[in-house]
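Report on the structure given below.
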Amino acid sequence: MSRTVLSLIALLSSLLAAAAHAAPAARVASPDGSIVVELSTDNDGRPAYAVSRKGRPVIAPSRLGFLLLDAPKFERNIEIVQPRTRGFDETWEQPWGERRFVRNHYNELQVTLKEKAKPFRSFDVVFRVFDDGLGFRYVFPDQPELKEVRIGEELTEFTLASNATAWWIPAGEWNREEYLYHRTPVQQVGDAQTPITFKLADGTHLSIHEAALVDYSGMNLTRVEDRRLKADLTPGIGEGKVIRAAPFATPWRTLQLSDDAAGLAMSNLILNLNEPNALGDVSWVKPMKYVGVWWEMHLDLKSWASGPKHGATNENVRKHIDFAAKHGFGGVLVEGWNVGWDGDWFGNGEDFSFTQSYPDFDLEALSDYARSKGVVLIGHHETSGNAAHYEAQMGDAFDLYQRVGVPAVKTGYVADASQAKVTGIDGKRHYAWHEGQDMARHHLKVVTEAAKRHISVNPHEPIKDSGLRRTYPNWITREGARGMEFSAWGQPGNPPEHEANLVFTRLLAGPMDYTPGIFGMKTRSTDGIATTWAKQLALYVVIYSPLQMAADLLENYEKNPAPFQFIKDVPVDWEDTRVLNGEVGDYVTIARKERGGDNWYLGALTDEDGRTLTVPLSFLDEGRRYTAQVYRDGDKANWKTAPQDIVIEERELTRADTLTLKLAPGGGQAIRFVAH
């Protein structure tokens with residue numbers, strides 16, 4: 001045999017060997033087969049996963065692993081052993097939510113990644129693949145070689161397989177999550193928070209986030225090169241970003257996938273990757289609309305601090321209670337009621353008492369007065385990020401609320417990022433990041449301690465939402481983005497595109513207490529409220545929260561009863577939700593059916609550009625006629641020049657009809673479909 005032939009045989013053998021090595025060692029597909037995940041190792045034993053959808057690559061091979069502080073890294077010289085798969089299909093019922101019933105249908109792949117040499121450590125990777133995306137997490141077993149896991153960094157990567165447009169906000173900056181969204185090519189992403197949303201070159205929409213963030217640091221993303229993004233865990237208070245005793249599982253790293261933006265907003269993936277309700281009977285968790293002593297402080301008409309401008313007075317709170325009772329609102333939020341707001345409270349919080357009222361506020365008497373009128377007080381605990389100080393009083397504070405009948409509390413963590421305060425294992429106070437492991441523990445402690453007293457929690461300046469409301473249904477909503485108050489005093493305020501960004505970014509994680517419903521459009525912010533009145537109404541349908549505030553001054557509602565009627569009518573708890581159309585940052589239309597009733601509600605909104613949307617009404621129930629109570633932008637409506645131009649009219653419709661929605665610049669439309 002000639003030397004040439006031998007060389008060709010040798011080359012062919014090496015190519016076959018390389019091909020065999022490159023073949024995936026483990027594979028799993030979604031129930032409908034459209035999404036495929038492949039797990040493999042390279043020549044150095046580095047594990048990687050890849051994702052394709054409808055036969056096209058979405059995530060190119062991306063690394064997995066860890067850097068540890070006191071042990072060699074988990075990253076190379078690893079083999080895949082014991083692949084095992086299973087399918088799962090259930091439908092579960094939410095006690096409250098965007099839809100009553102949720103299907104949880106996935107195929108699962110669990111593999112063990114084991115070192116080929118001593119000390120033969122291992123960890124598992126679990127992939128759950130749904131028809132609309134996937135989640136994966138690491139599971140550290142109990143093993144002699146790794147009793148305590150001290151994580152310096154995750155090596156998890158997300159390498160986009162094609163160019164994409166990204167919508168993102170920066171990570172590691174002073175103002176936590178409260179930034180306006182950037183829209184850039186993926187190559188211009190820096191350090192980004194999650195959820196981060198992409199539109200790939202072929203139109204596929206992708207959102208990267210996490211689910212079930214428990215006793216672990218929140219995950220940000222940093223771009224390494226080109227389209228390769230890597231996990232960047234939030235720092236801890238000492239050495240390491242996460243310290244856990246084995247066995248334990250990390251949060252899920254999630255990828256939601258859809259043909260379009262509307263499909264992303266329809267996904268239940270984040271919820272489904274969380275554990276079922278751990279609290280048992282949660283009938284005491286009550287979604288509601290509320291008014292409050294709040295907006296007047298942001299307009300500098302009242303103050304949180306005591307003195308002549310104090311907002312939380314007996315007289316002012318009674319006025320709000322009377323208004324709530326008259327117009328059918330369930331609650332009244334009161335901020336600034338407790339001692340500690342005088343002086344420099346921002347980022348300190350040491351002076352707050354969570355049980356002692358200012359002299360001009362009688363908590364027990366006001367709670368009794370509210371209850372006599374069918375209303376409850378919503379409590380407020382501003383901590384200034386001082387979790388340690390709050391935890392020292394939290395039990396007594398919740399006991400007080402339970403005794404006087406306050407069933408929900410809004411908590412606050414106003415402090416520059418990295419300036420939260422926690423108590424370390426050394427018993428000393430430490431500065432911490434809002435989404436580090438210690439604050440993840442703190443937030444869950446607040447929720448579980450509140451649950452013992454049948455109190456719901458609505459944190460502002462919170463840790464990110466990762467779907468834990470499924471496990472702890474009293475974690476009813478939260479802030480975690482730029483809310484309406486930025487349009488009261490922000491320089492700049494929230495621009496017209498802001499809400500159309502939120503729907504397809506922040507709101508993919510869960511509900512947001514955005515505090516809509518403003519009719520007084522001139523504020524301390526240069527542009528004031530950058531919407532029309534009709535868009536303010538549409539926000540009650542578009543931005544989901546089971547606690548929804550009518551945030552404006554009471555007199556603005558009393559002077560405008562016609563548009564205020566929609567705020568009074570719109571529910572906060574839903575049987576079903578349909579996202580009818582949308583483009584990230586441009587526009588969206590959402591329809592929701594009330595829970596326990598037959599009526600549907602629709603909200604549509606746009607950015608700074610006026611546009612006309614065509615919406616088939618096929619979501620309406622078969623065989624029913626509806627009176628559509630329409631609240632739309634008038635012909636002259638414009639967020640800059642005529643935000644108050646609104647037309648209110650009625651039409652008779654069925655599911656066979658199609659609506660044409662004309663939205664003004666910065667405008668919207670809200671419709672109540674009353675079933676006959």
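Here, A, B, ... name the chains of the structure tokens in the order displayed, residue numbers run from 1 inside each chain, and ligands are numbered from 1 in the same displayed order.
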Please provide the set of residues having any atom within 8 Å of Leu180 (chain A), restricted to only C-alpha atoms, with same-chain residues fewer than 3 positions apart removed, written as an mmCIF file with N, CA and C atoms, in the first residue's frame.
data_model
loop_
_atom_site.group_PDB
_atom_site.id
_atom_site.type_symbol
_atom_site.label_atom_id
_atom_site.label_comp_id
_atom_site.auth_asym_id
_atom_site.auth_seq_id
_atom_site.Cartn_x
_atom_site.Cartn_y
_atom_site.Cartn_z
ATOM 1 N N ILE A 169 -30.422 47.448 29.992
ATOM 2 C CA ILE A 169 -30.026 48.504 30.911
ATOM 3 C C ILE A 169 -28.726 48.095 31.594
ATOM 4 N N ARG A 482 -37.799 51.783 36.196
ATOM 5 C CA ARG A 482 -38.190 53.189 36.305
ATOM 6 C C ARG A 482 -39.711 53.302 36.360
ATOM 7 N N ASN A 494 -39.828 59.736 32.107
ATOM 8 C CA ASN A 494 -39.970 58.568 31.252
ATOM 9 C C ASN A 494 -40.462 58.982 29.871
ATOM 10 N N HIS A 498 -41.131 54.333 26.810
ATOM 11 C CA HIS A 498 -40.701 53.593 28.001
ATOM 12 C C HIS A 498 -41.582 52.377 28.288
#
Ranking A:Leu620, A:Ile590, A:Ile648, A:Val674 by minimum distance to Ala265 (chain A) and counting only C-alpha atoms, which one comes first?
A:Ile590
Give the answer as one residue: which of A:Gly347, A:Gly480, A:Pro119, A:Gly666 has the shortest atom-to-atom distance to Asp513 (chain A), using only C-alpha atoms?
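Nearest candidate to Asp513 (chain A) out of A:Gly347, A:Gly480, A:Pro119, A:Gly666: A:Gly480.
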Nearest residue to Val541 (chain A) out of A:Phe504, A:Phe519, A:Tyr557, A:Trp600, using only C-alpha atoms?
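Under the stated criterion, the closest residue is A:Trp600.
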Show me, as a list in words, the residues that have an atom within 10 Å of Val503 (chain A) when counting only C-alpha atoms, minus same-chain residues fewer than 2 positions from it.
Ala261, Ala262, Leu264, Ala265, His498, Glu499, Ala500, Asn501, Thr505, Arg506, Leu507, Leu508, Ala509, Gly510, Met512, Val542, Ile543, Tyr544, Gly582, Glu583, Val584, Gly585, Tyr587 and Val588 of chain A
Secondary structure check, strand (DSSP E) residues of region 317-479 of chain A, as a PyMOL selection string
chain A and resi 331-334+376-382+408-412+420-423+429-432+456-460
Could you write those residues out with N, CA, C and O atoms, as a tab-separated table (two decimals), in the first residue's frame?
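part36.tsv, freshly written:
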chain	number	residue	atom	x	y	z
A	331	GLY	N	-57.88	49.67	48.86
A	331	GLY	CA	-56.85	50.02	49.82
A	331	GLY	C	-56.39	51.45	49.72
A	331	GLY	O	-56.62	52.15	48.71
A	332	VAL	N	-55.72	51.90	50.79
A	332	VAL	CA	-55.10	53.23	50.84
A	332	VAL	C	-53.66	53.05	51.34
A	332	VAL	O	-53.44	52.62	52.48
A	333	LEU	N	-52.71	53.36	50.48
A	333	LEU	CA	-51.29	53.35	50.85
A	333	LEU	C	-50.95	54.63	51.60
A	333	LEU	O	-51.35	55.72	51.19
A	334	VAL	N	-50.21	54.48	52.70
A	334	VAL	CA	-49.78	55.67	53.45
A	334	VAL	C	-48.27	55.59	53.64
A	334	VAL	O	-47.75	54.71	54.32
A	376	VAL	N	-58.99	48.84	53.36
A	376	VAL	CA	-57.87	48.51	54.25
A	376	VAL	C	-56.74	49.50	54.01
A	376	VAL	O	-56.61	50.07	52.93
A	377	LEU	N	-55.92	49.69	55.03
A	377	LEU	CA	-54.68	50.43	54.85
A	377	LEU	C	-53.62	49.50	54.28
A	377	LEU	O	-53.53	48.32	54.63
A	378	ILE	N	-52.80	50.04	53.38
A	378	ILE	CA	-51.61	49.35	52.89
A	378	ILE	C	-50.41	49.97	53.59
A	378	ILE	O	-50.19	51.19	53.51
A	379	GLY	N	-49.66	49.15	54.30
A	379	GLY	CA	-48.55	49.65	55.09
A	379	GLY	C	-47.35	50.04	54.24
A	379	GLY	O	-47.29	49.75	53.04
A	380	HIS	N	-46.40	50.69	54.88
A	380	HIS	CA	-45.18	51.10	54.19
A	380	HIS	C	-43.99	50.99	55.12
A	380	HIS	O	-44.03	51.49	56.25
A	381	HIS	N	-42.97	50.30	54.65
A	381	HIS	CA	-41.71	50.17	55.39
A	381	HIS	C	-40.57	50.58	54.48
A	381	HIS	O	-40.08	49.78	53.68
A	382	GLU	N	-40.14	51.81	54.55
A	382	GLU	CA	-38.92	52.23	53.84
A	382	GLU	C	-37.72	51.91	54.70
A	382	GLU	O	-37.65	52.31	55.86
A	408	ALA	N	-51.29	44.21	53.71
A	408	ALA	CA	-50.26	44.32	52.68
A	408	ALA	C	-49.30	45.43	53.06
A	408	ALA	O	-49.69	46.41	53.70
A	409	VAL	N	-48.03	45.28	52.64
A	409	VAL	CA	-47.02	46.28	52.94
A	409	VAL	C	-46.17	46.54	51.70
A	409	VAL	O	-45.77	45.60	51.00
A	410	LYS	N	-45.93	47.80	51.44
A	410	LYS	CA	-44.96	48.21	50.43
A	410	LYS	C	-43.65	48.46	51.15
A	410	LYS	O	-43.58	49.29	52.05
A	411	THR	N	-42.62	47.71	50.78
A	411	THR	CA	-41.30	47.94	51.35
A	411	THR	C	-40.46	48.74	50.37
A	411	THR	O	-40.72	48.77	49.17
A	412	GLY	N	-39.42	49.40	50.88
A	412	GLY	CA	-38.55	50.22	50.04
A	412	GLY	C	-37.10	50.03	50.43
A	412	GLY	O	-36.78	49.82	51.60
A	420	ALA	N	-26.55	48.86	50.26
A	420	ALA	CA	-27.45	48.19	51.20
A	420	ALA	C	-26.62	47.71	52.39
A	420	ALA	O	-25.40	47.56	52.30
A	421	LYS	N	-27.28	47.48	53.51
A	421	LYS	CA	-26.56	47.08	54.73
A	421	LYS	C	-27.13	45.76	55.24
A	421	LYS	O	-28.35	45.63	55.40
A	422	VAL	N	-26.25	44.80	55.49
A	422	VAL	CA	-26.66	43.50	56.00
A	422	VAL	C	-25.77	43.11	57.17
A	422	VAL	O	-24.68	43.68	57.36
A	423	THR	N	-26.21	42.15	57.94
A	423	THR	CA	-25.41	41.59	59.02
A	423	THR	C	-24.73	40.33	58.52
A	423	THR	O	-25.39	39.39	58.07
A	429	ARG	N	-22.00	44.70	60.62
A	429	ARG	CA	-22.70	45.29	59.48
A	429	ARG	C	-21.76	45.38	58.28
A	429	ARG	O	-20.58	45.74	58.42
A	430	HIS	N	-22.28	45.06	57.11
A	430	HIS	CA	-21.51	45.12	55.88
A	430	HIS	C	-22.34	45.82	54.81
A	430	HIS	O	-23.57	45.70	54.78
A	431	TYR	N	-21.67	46.52	53.91
A	431	TYR	CA	-22.34	47.08	52.74
A	431	TYR	C	-22.50	45.97	51.70
A	431	TYR	O	-21.61	45.14	51.51
A	432	ALA	N	-23.64	46.00	51.02
A	432	ALA	CA	-23.97	44.90	50.10
A	432	ALA	C	-24.67	45.46	48.86
A	432	ALA	O	-25.24	46.55	48.87
A	456	SER	N	-49.22	40.49	52.56
A	456	SER	CA	-48.61	40.49	51.24
A	456	SER	C	-47.53	41.56	51.15
A	456	SER	O	-47.59	42.58	51.85
A	457	VAL	N	-46.56	41.34	50.26
A	457	VAL	CA	-45.37	42.21	50.19
A	457	VAL	C	-45.20	42.73	48.77
A	457	VAL	O	-45.27	41.98	47.79
A	458	ASN	N	-44.93	44.03	48.68
A	458	ASN	CA	-44.71	44.73	47.41
A	458	ASN	C	-43.42	45.55	47.54
A	458	ASN	O	-43.45	46.72	47.91
A	459	PRO	N	-42.25	44.94	47.26
A	459	PRO	CA	-41.00	45.67	47.46
A	459	PRO	C	-40.68	46.64	46.31
A	459	PRO	O	-40.91	46.31	45.14
A	460	HIS	N	-40.17	47.79	46.67
A	460	HIS	CA	-39.65	48.74	45.69
A	460	HIS	C	-38.13	48.84	45.90
A	460	HIS	O	-37.63	48.57	46.98
To one decimal place, how far is CA of Glu622 (chain A) from CA of Arg595 (chain A) in Å?
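Separation between CA of Glu622 (chain A) and CA of Arg595 (chain A): 17.4 Å.
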